[in-house]
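Trainee: One file is attached below, model.txt, containing compact mmCIF, C-alpha atoms.
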```txt
# COMPACT_ATOMS: atom_id res chain seq x y z
CA MET A 1 101.41 -2.19 -22.00
CA THR A 2 101.23 -2.37 -18.22
CA CYS A 3 101.21 0.63 -15.86
CA HIS A 4 104.76 -0.24 -14.81
CA GLU A 5 105.95 -0.33 -18.44
CA LEU A 6 104.26 3.00 -19.06
CA ASP A 7 105.94 4.47 -16.01
CA LEU A 8 109.34 3.60 -17.44
CA LEU A 9 108.52 5.33 -20.73
CA LEU A 10 106.61 8.32 -19.42
CA ASP A 11 109.59 10.71 -19.26
CA ASP A 12 110.56 9.94 -22.85
CA TRP A 13 106.94 10.43 -23.84
CA VAL A 14 106.58 13.90 -22.31
CA ASP A 15 110.01 14.87 -23.66
CA GLY A 16 108.85 13.92 -27.15
CA ALA A 17 111.52 11.25 -27.42
CA LEU A 18 109.13 8.32 -27.81
CA THR A 19 107.82 7.56 -31.30
CA GLY A 20 106.44 4.70 -33.36
CA ALA A 21 104.71 1.62 -32.02
CA LYS A 22 105.74 2.26 -28.40
CA ALA A 23 104.23 5.72 -28.52
CA ARG A 24 100.96 4.36 -29.91
CA GLU A 25 100.87 1.67 -27.22
CA LEU A 26 101.43 4.27 -24.54
CA GLU A 27 98.69 6.53 -25.90
CA LEU A 28 96.32 3.60 -25.95
CA HIS A 29 97.11 2.75 -22.35
CA LEU A 30 96.69 6.35 -21.24
CA ALA A 31 93.28 6.55 -22.88
CA GLY A 32 92.03 3.74 -20.69
CA CYS A 33 93.92 4.25 -17.40
CA ALA A 34 93.02 7.14 -15.09
CA PRO A 35 95.93 6.65 -12.60
CA CYS A 36 98.48 6.77 -15.45
CA ARG A 37 96.79 9.88 -16.86
CA ASP A 38 97.21 11.43 -13.41
CA ARG A 39 100.92 10.58 -13.43
CA GLU A 40 101.31 12.11 -16.86
CA ARG A 41 99.49 15.26 -15.76
CA GLN A 42 101.66 15.56 -12.63
CA LEU A 43 104.84 15.18 -14.62
CA ARG A 44 103.80 17.76 -17.20
CA GLN A 45 102.83 20.11 -14.38
CA LEU A 46 106.20 19.64 -12.71
CA LEU A 47 108.03 20.37 -15.96
CA ALA A 48 105.90 23.44 -16.63
CA HIS A 49 106.70 24.82 -13.18
CA ALA A 50 110.40 24.05 -13.56
CA ALA A 51 110.53 25.78 -16.94
CA ALA A 52 108.73 28.80 -15.48
CA LEU A 53 111.23 29.31 -12.64
CA PRO A 54 113.20 32.52 -13.11
CA ARG A 55 116.71 31.83 -14.42
CA SER A 56 118.06 35.06 -13.00
CA MET A 57 118.15 35.96 -9.33
CA ALA A 58 119.57 39.01 -7.67
CA PRO A 59 122.12 38.13 -4.98
CA PRO A 60 120.93 39.25 -1.54
CA ARG A 61 123.96 41.53 -1.20
CA ASP A 62 126.54 43.14 -3.44
CA LEU A 63 129.14 40.48 -4.12
CA TRP A 64 131.45 42.67 -6.19
CA PRO A 65 133.59 44.12 -3.34
CA GLY A 66 134.58 40.59 -2.30
CA ILE A 67 135.36 39.63 -5.88
CA ALA A 68 137.44 42.77 -6.48
CA GLU A 69 139.38 42.18 -3.27
CA ARG A 70 140.20 38.61 -4.23
CA ILE A 71 141.22 39.65 -7.73
CA GLU A 72 143.56 42.29 -6.35
CA ARG A 73 145.10 39.81 -3.92
CA GLY A 74 145.40 37.30 -6.74
CA SER A 75 147.21 39.89 -8.83
CA ALA A 76 149.80 40.26 -6.07
CA TRP A 77 150.24 36.48 -6.07
CA SER A 78 150.61 36.36 -9.87
CA ALA A 79 153.11 39.19 -9.86
CA PHE A 80 155.08 37.37 -7.18
CA LEU A 81 155.12 34.12 -9.15
CA ALA A 82 156.14 35.96 -12.31
CA SER A 83 159.04 37.64 -10.54
CA TRP A 84 160.10 34.62 -8.55
CA GLN A 85 161.27 32.14 -11.16
CA PRO A 86 164.10 34.20 -12.64
CA VAL A 87 165.34 35.04 -9.14
CA ALA A 88 165.39 31.41 -8.02
CA LEU A 89 167.01 30.25 -11.23
CA ALA A 90 169.61 32.98 -11.06
CA ALA A 91 170.42 32.04 -7.48
CA ALA A 92 170.76 28.41 -8.43
CA ALA A 93 172.90 29.24 -11.44
CA ALA A 94 175.23 31.32 -9.28
CA LEU A 95 175.57 28.45 -6.85
CA VAL A 96 176.36 25.97 -9.58
CA ILE A 97 179.04 28.25 -10.97
CA GLY A 98 180.49 28.74 -7.50
CA LEU A 99 180.44 25.05 -6.80
CA ALA A 100 182.46 24.18 -9.88
CA ALA A 101 185.58 25.18 -7.99
CA PHE A 102 184.88 22.68 -5.22
CA LEU A 103 183.93 19.64 -7.29
CA TRP A 104 187.45 18.52 -7.95
CA ASN A 105 187.29 14.89 -9.09
CA GLY A 106 185.12 15.29 -12.17
CA SER A 107 182.21 13.35 -10.82
CA GLY A 108 178.85 13.76 -12.61
CA PRO A 109 176.10 16.07 -11.52
CA ALA A 110 174.91 15.66 -7.98
CA ALA A 111 171.84 13.55 -7.45
CA VAL A 112 168.78 15.72 -7.21
CA ARG A 113 166.87 15.32 -3.98
CA THR A 114 163.42 16.54 -4.82
CA LEU A 115 161.65 17.93 -1.83
CA ALA A 116 158.05 17.17 -2.72
CA MET A 117 155.97 20.00 -1.40
CA PRO A 118 153.12 17.83 -0.11
CA SER A 119 155.31 15.75 2.13
CA ALA A 120 156.88 18.25 4.52
CA SER A 121 158.79 15.24 5.77
CA PRO A 122 159.65 14.76 9.44
CA GLN A 123 163.30 14.48 8.46
CA LEU A 124 163.15 18.05 7.31
CA ARG A 125 162.22 19.23 10.74
CA ALA A 126 164.38 16.80 12.70
CA VAL A 127 167.64 17.96 11.29
CA THR A 128 170.55 16.37 13.09
CA ASN A 129 173.48 16.95 10.82
CA THR A 130 173.79 20.02 8.67
CA GLY A 131 177.25 19.16 7.38
CA ILE A 132 178.47 22.57 8.57
CA ALA A 133 181.56 22.70 10.71
CA ASP A 134 180.97 26.14 12.23
CA PRO A 135 178.55 25.63 15.17
CA VAL A 136 176.91 29.05 14.73
CA LEU A 137 176.28 28.51 11.04
CA ALA A 138 175.13 24.95 11.75
CA ALA A 139 172.56 26.23 14.25
CA ALA A 140 171.35 28.79 11.73
CA ALA A 141 171.00 26.09 9.07
CA ARG A 142 168.98 23.93 11.48
CA ASP A 143 166.69 26.86 12.28
CA TYR A 144 166.13 27.56 8.62
CA GLU A 145 165.40 23.91 7.87
CA GLN A 146 162.87 23.75 10.69
CA ALA A 147 161.23 26.94 9.48
CA ALA A 148 161.11 25.58 5.95
CA GLY A 149 159.41 22.41 7.23
CA ALA A 150 156.73 24.38 9.06
CA LEU A 151 156.13 26.60 6.04
CA LEU A 152 155.85 23.58 3.75
CA GLU A 153 153.21 22.17 6.04
CA ALA A 154 151.31 25.47 5.93
CA LEU A 155 151.59 25.48 2.17
CA GLN A 156 150.34 21.92 2.04
CA ARG A 157 147.18 23.04 3.82
CA ARG A 158 146.68 25.69 1.12
CA ARG A 159 147.21 23.20 -1.68
CA ALA A 160 143.52 22.74 -2.48
CA VAL A 161 142.94 26.43 -3.16
CA LEU A 162 146.00 27.04 -5.32
CA PRO A 163 145.50 26.91 -9.09
CA ALA A 164 147.19 23.79 -10.49
CA GLU A 165 149.54 25.75 -12.74
CA ASP A 166 150.66 27.95 -9.83
CA LEU A 167 151.23 24.88 -7.70
CA ALA A 168 153.36 23.32 -10.41
CA ARG A 169 155.40 26.48 -10.63
CA VAL A 170 155.91 26.63 -6.89
CA GLU A 171 157.04 23.00 -6.84
CA ALA A 172 159.38 23.50 -9.80
CA ASN A 173 161.01 26.47 -8.11
CA LEU A 174 161.38 24.68 -4.79
CA GLU A 175 163.04 21.88 -6.67
CA VAL A 176 165.57 24.31 -8.12
CA ILE A 177 166.42 25.59 -4.65
CA ASP A 178 166.60 22.07 -3.22
CA ARG A 179 168.90 21.02 -6.02
CA ALA A 180 171.20 23.89 -5.16
CA LEU A 181 171.08 22.93 -1.47
CA GLU A 182 171.96 19.34 -2.28
CA GLU A 183 174.88 20.38 -4.44
CA VAL A 184 176.30 22.56 -1.66
CA ARG A 185 175.87 19.71 0.82
CA GLN A 186 177.75 17.32 -1.44
CA ALA A 187 180.55 19.82 -1.89
CA LEU A 188 180.70 20.21 1.90
CA VAL A 189 181.25 16.48 2.27
CA LYS A 190 184.44 16.91 0.30
CA ASP A 191 185.50 20.18 1.88
CA PRO A 192 183.73 20.56 5.26
CA ALA A 193 185.92 23.43 6.41
CA SER A 194 185.31 25.69 3.44
CA PRO A 195 183.89 28.96 4.84
CA GLU A 196 182.58 29.83 1.37
CA LEU A 197 180.53 26.62 1.18
CA ASN A 198 179.28 27.02 4.74
CA ARG A 199 178.03 30.53 4.04
CA MET A 200 176.55 29.37 0.73
CA LEU A 201 174.54 26.63 2.44
CA VAL A 202 173.10 28.97 5.05
CA ALA A 203 172.33 31.62 2.42
CA THR A 204 170.48 29.06 0.30
CA HIS A 205 168.48 27.90 3.33
CA ARG A 206 167.61 31.51 4.05
CA LYS A 207 166.54 32.00 0.45
CA LYS A 208 164.26 29.00 0.63
CA VAL A 209 162.62 30.17 3.85
CA ASP A 210 162.13 33.69 2.47
CA VAL A 211 160.51 32.34 -0.67
CA LEU A 212 158.29 29.91 1.24
CA ARG A 213 157.20 32.62 3.65
CA ARG A 214 156.10 34.82 0.77
CA VAL A 215 154.34 31.95 -0.96
CA VAL A 216 152.40 31.06 2.17
CA ARG A 217 151.50 34.66 2.95
CA LEU A 218 150.32 35.48 -0.57
CA SER A 219 148.54 32.18 -1.14
CA THR A 220 146.69 32.59 2.14
CA ALA A 221 145.22 35.78 0.76
CA LEU A 222 143.87 34.08 -2.37
CA MET B 1 120.74 43.67 -16.59
CA GLY B 2 121.44 40.06 -17.07
CA GLY B 3 119.97 39.33 -20.50
CA LEU B 4 123.13 38.39 -22.33
CA ALA B 5 122.26 34.72 -22.70
CA GLY B 6 118.92 35.68 -24.18
CA VAL B 7 120.73 37.72 -26.76
CA ALA B 8 123.22 34.96 -27.44
CA THR B 9 120.56 32.32 -27.94
CA GLY B 10 118.70 34.43 -30.45
CA ASP B 11 115.91 35.89 -28.35
CA ALA B 12 113.38 36.93 -31.01
CA ARG B 13 112.50 40.05 -29.06
CA VAL B 14 115.99 41.45 -29.49
CA PRO B 15 116.52 42.99 -32.93
CA MET B 16 119.59 41.77 -34.79
CA SER B 17 121.28 45.17 -34.85
CA GLU B 18 120.75 45.61 -31.11
CA ASP B 19 122.15 42.13 -30.56
CA HIS B 20 125.20 43.03 -32.64
CA ASP B 21 125.70 46.31 -30.79
CA ARG B 22 125.48 44.59 -27.41
CA ARG B 23 127.96 41.93 -28.41
CA ALA B 24 130.34 44.58 -29.74
CA ALA B 25 130.02 46.60 -26.52
CA GLU B 26 130.53 43.45 -24.47
CA MET B 27 133.64 42.54 -26.45
CA ARG B 28 135.07 46.01 -25.83
CA LEU B 29 134.59 45.44 -22.10
CA VAL B 30 136.20 42.00 -22.35
CA ARG B 31 139.23 43.39 -24.19
CA ALA B 32 139.62 46.15 -21.62
CA ALA B 33 139.32 43.62 -18.79
CA GLN B 34 141.88 41.38 -20.50
CA GLN B 35 144.24 44.35 -20.31
CA GLY B 36 143.68 44.50 -16.55
CA ASP B 37 140.83 47.03 -16.42
CA LEU B 38 138.93 46.01 -13.29
CA LEU B 39 136.18 48.57 -13.89
CA ALA B 40 135.42 46.96 -17.25
CA PHE B 41 135.29 43.57 -15.56
CA GLU B 42 132.91 44.98 -12.96
CA ARG B 43 130.57 45.96 -15.81
CA LEU B 44 130.73 42.41 -17.12
CA TYR B 45 129.99 41.18 -13.60
CA ARG B 46 127.00 43.50 -13.25
CA ASP B 47 125.62 42.29 -16.58
CA ASN B 48 125.89 38.62 -15.60
CA GLU B 49 125.64 38.39 -11.82
CA ARG B 50 121.94 37.48 -11.74
CA LYS B 51 122.22 34.61 -14.18
CA VAL B 52 125.32 33.24 -12.49
CA PHE B 53 123.84 33.63 -9.02
CA GLY B 54 120.56 31.99 -10.12
CA LEU B 55 122.40 28.99 -11.50
CA CYS B 56 124.67 28.75 -8.45
CA PHE B 57 121.66 29.02 -6.15
CA ARG B 58 119.96 26.03 -7.72
CA LEU B 59 123.07 23.94 -8.21
CA SER B 60 124.19 24.47 -4.62
CA GLY B 61 120.78 24.41 -2.98
CA GLY B 62 121.12 27.54 -0.88
CA PRO B 63 121.78 31.30 -0.97
CA GLU B 64 124.87 31.38 1.22
CA LEU B 65 126.82 28.85 -0.77
CA ALA B 66 125.50 30.45 -3.95
CA GLU B 67 127.11 33.74 -2.90
CA GLU B 68 130.46 32.02 -2.39
CA LEU B 69 130.18 30.18 -5.68
CA THR B 70 129.23 33.33 -7.60
CA GLN B 71 132.29 35.09 -6.26
CA GLU B 72 134.46 32.12 -7.11
CA VAL B 73 133.07 32.03 -10.66
CA PHE B 74 134.02 35.65 -11.32
CA VAL B 75 137.44 35.33 -9.68
CA ARG B 76 138.17 32.34 -11.92
CA ALA B 77 136.68 34.15 -14.92
CA TRP B 78 139.13 37.00 -14.33
CA ARG B 79 142.04 34.56 -14.20
CA LYS B 80 140.93 32.75 -17.35
CA LEU B 81 139.80 35.82 -19.25
CA GLY B 82 142.76 35.61 -21.57
CA SER B 83 141.31 32.44 -23.08
CA PHE B 84 138.03 34.16 -24.05
CA ARG B 85 138.18 34.92 -27.76
CA GLY B 86 134.65 36.21 -28.29
CA GLU B 87 133.34 33.32 -30.37
CA SER B 88 130.30 33.25 -28.10
CA ALA B 89 128.63 35.68 -25.73
CA PHE B 90 130.47 36.23 -22.48
CA SER B 91 127.52 34.68 -20.62
CA SER B 92 127.83 31.51 -22.72
CA TRP B 93 131.51 31.34 -21.83
CA LEU B 94 130.65 31.79 -18.16
CA TYR B 95 128.04 29.04 -18.16
CA PRO B 96 130.22 25.89 -18.15
CA LEU B 97 132.65 27.69 -15.85
CA THR B 98 129.80 28.21 -13.37
CA VAL B 99 128.75 24.56 -13.57
CA ASN B 100 132.35 23.49 -13.09
CA VAL B 101 132.86 25.73 -10.06
CA ALA B 102 129.67 24.38 -8.47
CA ARG B 103 130.80 20.80 -9.12
CA SER B 104 134.32 21.24 -7.81
CA GLU B 105 133.09 23.14 -4.79
CA HIS B 106 130.65 20.36 -4.05
CA ARG B 107 133.41 17.75 -4.31
CA SER B 108 135.80 19.62 -2.03
CA ARG B 109 133.05 20.49 0.43
CA ARG B 110 132.03 16.84 0.58
CA ARG B 111 135.57 15.98 1.52
CA ARG B 112 135.74 18.73 4.13
CA ASP B 113 132.35 18.48 5.75
CA ALA B 114 129.94 15.65 5.09
CA ARG B 115 127.18 17.47 6.90
CA ILE B 116 126.77 20.00 4.12
CA VAL B 117 126.21 17.40 1.43
CA ALA B 118 122.63 16.73 0.47
CA THR B 119 121.76 13.19 1.28
CA GLU B 120 121.47 10.51 -1.35
CA ASP B 121 118.65 9.13 0.75
CA PRO B 122 115.31 9.84 -0.97
CA ALA B 123 113.63 9.59 2.43
CA ARG B 124 114.96 13.07 3.14
CA LEU B 125 112.36 14.37 0.73
CA GLU B 126 109.73 12.95 3.00
CA ARG B 127 110.71 15.50 5.61
CA THR B 128 110.31 18.51 3.33
CA PRO B 129 107.13 20.56 3.65
CA ARG B 130 104.66 19.68 0.97
CA ALA B 131 102.33 21.88 -0.98
CA PRO B 132 100.06 21.28 -3.92
CA MET B 133 101.60 21.94 -7.32
CA PRO B 134 99.66 25.15 -8.18
CA GLU B 135 101.57 26.97 -5.44
CA ALA B 136 104.73 25.12 -6.28
CA GLY B 137 107.01 28.08 -7.05
CA PHE B 138 108.58 28.26 -3.59
CA ASP B 139 108.12 24.60 -2.71
CA LEU B 140 109.63 23.45 -5.97
CA GLU B 141 112.77 25.46 -5.17
CA ARG B 142 112.98 23.82 -1.76
CA ALA B 143 112.36 20.37 -3.18
CA ILE B 144 115.06 20.90 -5.83
CA ALA B 145 117.47 21.87 -3.04
CA THR B 146 116.90 18.54 -1.29
CA LEU B 147 117.63 16.41 -4.35
CA PRO B 148 120.84 14.37 -4.37
CA PRO B 149 123.53 16.56 -5.98
CA GLY B 150 123.90 14.60 -9.22
CA ALA B 151 120.17 14.44 -9.85
CA ARG B 152 119.74 18.07 -8.84
CA ALA B 153 122.40 19.30 -11.27
CA VAL B 154 120.89 17.43 -14.20
CA PHE B 155 117.33 18.50 -13.34
CA VAL B 156 118.35 22.16 -13.06
CA LEU B 157 120.36 22.12 -16.28
CA HIS B 158 117.76 20.19 -18.29
CA ASP B 159 114.33 21.15 -16.98
CA VAL B 160 115.03 24.65 -15.64
CA GLU B 161 117.82 25.84 -17.91
CA GLY B 162 116.74 23.93 -21.02
CA ARG B 163 120.09 22.27 -21.80
CA THR B 164 120.27 19.02 -23.76
CA HIS B 165 121.60 15.76 -22.34
CA GLU B 166 124.61 16.05 -24.64
CA GLU B 167 125.44 19.53 -23.34
CA ILE B 168 124.94 18.41 -19.74
CA ALA B 169 127.09 15.33 -20.27
CA GLY B 170 129.90 17.57 -21.55
CA MET B 171 129.66 20.00 -18.64
CA LEU B 172 129.34 17.38 -15.90
CA ASP B 173 131.77 14.94 -17.49
CA ILE B 174 129.26 12.10 -17.51
CA ALA B 175 127.71 9.94 -20.25
CA PRO B 176 124.48 11.24 -21.85
CA GLY B 177 122.78 8.06 -20.62
CA THR B 178 123.80 8.90 -17.06
CA SER B 179 122.39 12.38 -17.49
CA LYS B 180 119.11 10.88 -18.65
CA ALA B 181 118.97 8.42 -15.75
CA GLN B 182 119.69 11.19 -13.23
CA LEU B 183 116.96 13.34 -14.77
CA PHE B 184 114.36 10.60 -14.47
CA ARG B 185 115.43 9.98 -10.89
CA ALA B 186 115.12 13.67 -10.05
CA ARG B 187 111.70 13.98 -11.63
CA ARG B 188 110.45 10.92 -9.81
CA LEU B 189 111.68 12.23 -6.45
CA LEU B 190 110.17 15.65 -7.09
CA ARG B 191 106.82 14.23 -8.10
CA GLU B 192 106.76 12.11 -4.97
CA ALA B 193 107.70 15.07 -2.81
CA LEU B 194 105.47 17.72 -4.32
CA VAL B 195 102.33 15.75 -5.07
CA SER B 196 101.11 13.77 -2.14
```
Could you rewrite the structure in this file as structure tokens?

Mentor:
Amino acid sequence: MTCHELDLLLDDWVDGALTGAKARELELHLAGCAPCRDRERQLRQLLAHAAALPRSMAPPRDLWPGIAERIERGSAWSAFLASWQPVALAAAAALVIGLAAFLWNGSGPAAVRTLAMPSASPQLRAVTNTGIADPVLAAAARDYEQAAGALLEALQRRRAVLPAEDLARVEANLEVIDRALEEVRQALVKDPASPELNRMLVATHRKKVDVLRRVVRLSTAL
Amino acid sequence: MGGLAGVATGDARVPMSEDHDRRAAEMRLVRAAQQGDLLAFERLYRDNERKVFGLCFRLSGGPELAEELTQEVFVRAWRKLGSFRGESAFSSWLYPLTVNVARSEHRSRRRRDARIVATEDPARLERTPRAPMPEAGFDLERAIATLPPGARAVFVLHDVEGRTHEEIAGMLDIAPGTSKAQLFRARRLLREALVS
């Protein structure tokens, strides 16, 4: 066995993982090679020091207040998520029921336009046509869409710190709201002058912005 | 304070009945914390903070990041507490969680700020102060901190914490052979750095 070969086996040797003929060869080499004996001694010394290092260390300051604060903030977030889903679903359900009166030709369900949270697409912010006839309501819808775009971008920046399951829930709920928005928009195409639909669209935009604002505020505290 | 892992791993100095009593008391705290009792969770924190901080310190290579990681471990432990069924000691349950938090923090920090990442360049060890091995307590800590992250994690878990390659492979999501290779690399770098 050469010194180089011994070097490759030395860790296994000191860990007790080398047996049989290789172990005997290594022992024989060590008996006649002072530099390799030095390497073995250094390695054993290193391992002895590593094993003797204390496994427990006191933090330099009390970390509990920071932990408790984050837990309490997290509880507010969890409570919000728990309360949010039924609200969003109920809002969407109410819209779908209301829309039934306006979908007169028996066409199938409206195509779902999923607003992926990570994208915060430029189109969202550069709204040009709200589909709303009333100029005041149209302006309000544009404002809400711009606000939603900015909030989605803020939420995107918080994405890395949100637990995956919470993120999935946020995205699922946004999808419900977006589906409702899309259905109102499609109904407006068929009946642009309907004051009921116009108000419904603005109210749904407002709902989305309110929800996003709360999500961003609470997630920022996590 | 802090000896729960010793109890869990069968520390011979701890009588069986005392071990049982501690585990029972710990489980009462866990159940209370699972019901939302933050004071009970604080007791669990106080019992385990030193072990978690010690592990975070060595895995992260510094006290400041170790503080952040320790806090993150207990925040996540609170969130996941519902999944703890008491099959093991609470400290044993915390252990892989701690390793995981340190790993994920390292990954995200590497993305955010490359300056914080320990270099993969072994030459960096050449710049660390050297001291002979008999006084190695402090210097060994510093040398461990300068190891490349993968090698450092395996060295700490194997040679300081006494975990097996199979356990390490499971916690770090690597093959046992990779764990072994990283350990040999770490030992070689440390020997070169500490014994000139």

Trainee: Which one of B:Gly54, B:Pro148, B:Gly170, B:Gly86 sits closest to chain A if you count only C-alpha atoms?

Mentor: B:Gly54

Trainee: Looking at only C-alpha atoms, which of B:Ala77, B:Asp159, B:Gly61, B:Ala33 is the one that sits closest to His49 (chain A)?

Mentor: B:Asp159

Trainee: Tell me which protein, DNA and RNA residues are within 12 Å of Pro65 (chain A), counting all atoms listed in the file, leaving out same-chain ones fewer than 6 positions away, and put them as a list in words.

Mentor: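 Counting only the stated atoms, we get Ile71 and Glu72 of chain A; Leu38, Leu39, Glu42, Tyr45, Arg46, Gln71, Phe74 and Val75 of chain B.
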
Trainee: Let's have the selection written as an mmCIF file, keeping the file's coordinate frame, with C-alpha atoms.

Mentor:
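Saved the output as again_3.cif:
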```cif
data_model
loop_
_atom_site.group_PDB
_atom_site.id
_atom_site.type_symbol
_atom_site.label_atom_id
_atom_site.label_comp_id
_atom_site.auth_asym_id
_atom_site.auth_seq_id
_atom_site.Cartn_x
_atom_site.Cartn_y
_atom_site.Cartn_z
ATOM 1 C CA ILE A 71 141.220 39.650 -7.730
ATOM 2 C CA GLU A 72 143.560 42.290 -6.350
ATOM 3 C CA LEU B 38 138.930 46.010 -13.290
ATOM 4 C CA LEU B 39 136.180 48.570 -13.890
ATOM 5 C CA GLU B 42 132.910 44.980 -12.960
ATOM 6 C CA TYR B 45 129.990 41.180 -13.600
ATOM 7 C CA ARG B 46 127.000 43.500 -13.250
ATOM 8 C CA GLN B 71 132.290 35.090 -6.260
ATOM 9 C CA PHE B 74 134.020 35.650 -11.320
ATOM 10 C CA VAL B 75 137.440 35.330 -9.680
#
```

Trainee: Check every residue of chain A for an atom within 12 Å of chain B, counting only C-alpha atoms, and provide those that qualify as number ranges by chain.

Mentor: A: 7-15, 17, 38-75, 77-78, 159-163, 165-166, 222

Trainee: Which residue out of B:Leu147, B:Leu81, B:Ala186, B:Ala89 has the minimum interatomic distance to Arg23 (chain B) when all atoms listed in the file are used?

Mentor: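 Distance minimum relative to Arg23 (chain B) lands on B:Ala89.
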
Trainee: Counting all atoms listed in the file, what is within 10 Å of Ala148 (chain A), bar same-chain residues fewer than 2 positions away, as a list in words?

Mentor: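 Listing them by chain and then by number gives Ala120, Leu124, Arg125, Arg142, Asp143, Tyr144, Glu145, Gln146, Ala150, Leu151, Leu152, Glu153, Ala154, His205, Arg206, Lys208, Val209, Asp210, Val211, Leu212 and Arg213 of chain A.
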
Trainee: Grab the CA of Leu69 (chain B) to CA of Pro176 (chain B) distance for me, in Å with one decimal place.

Mentor: 25.5 Å
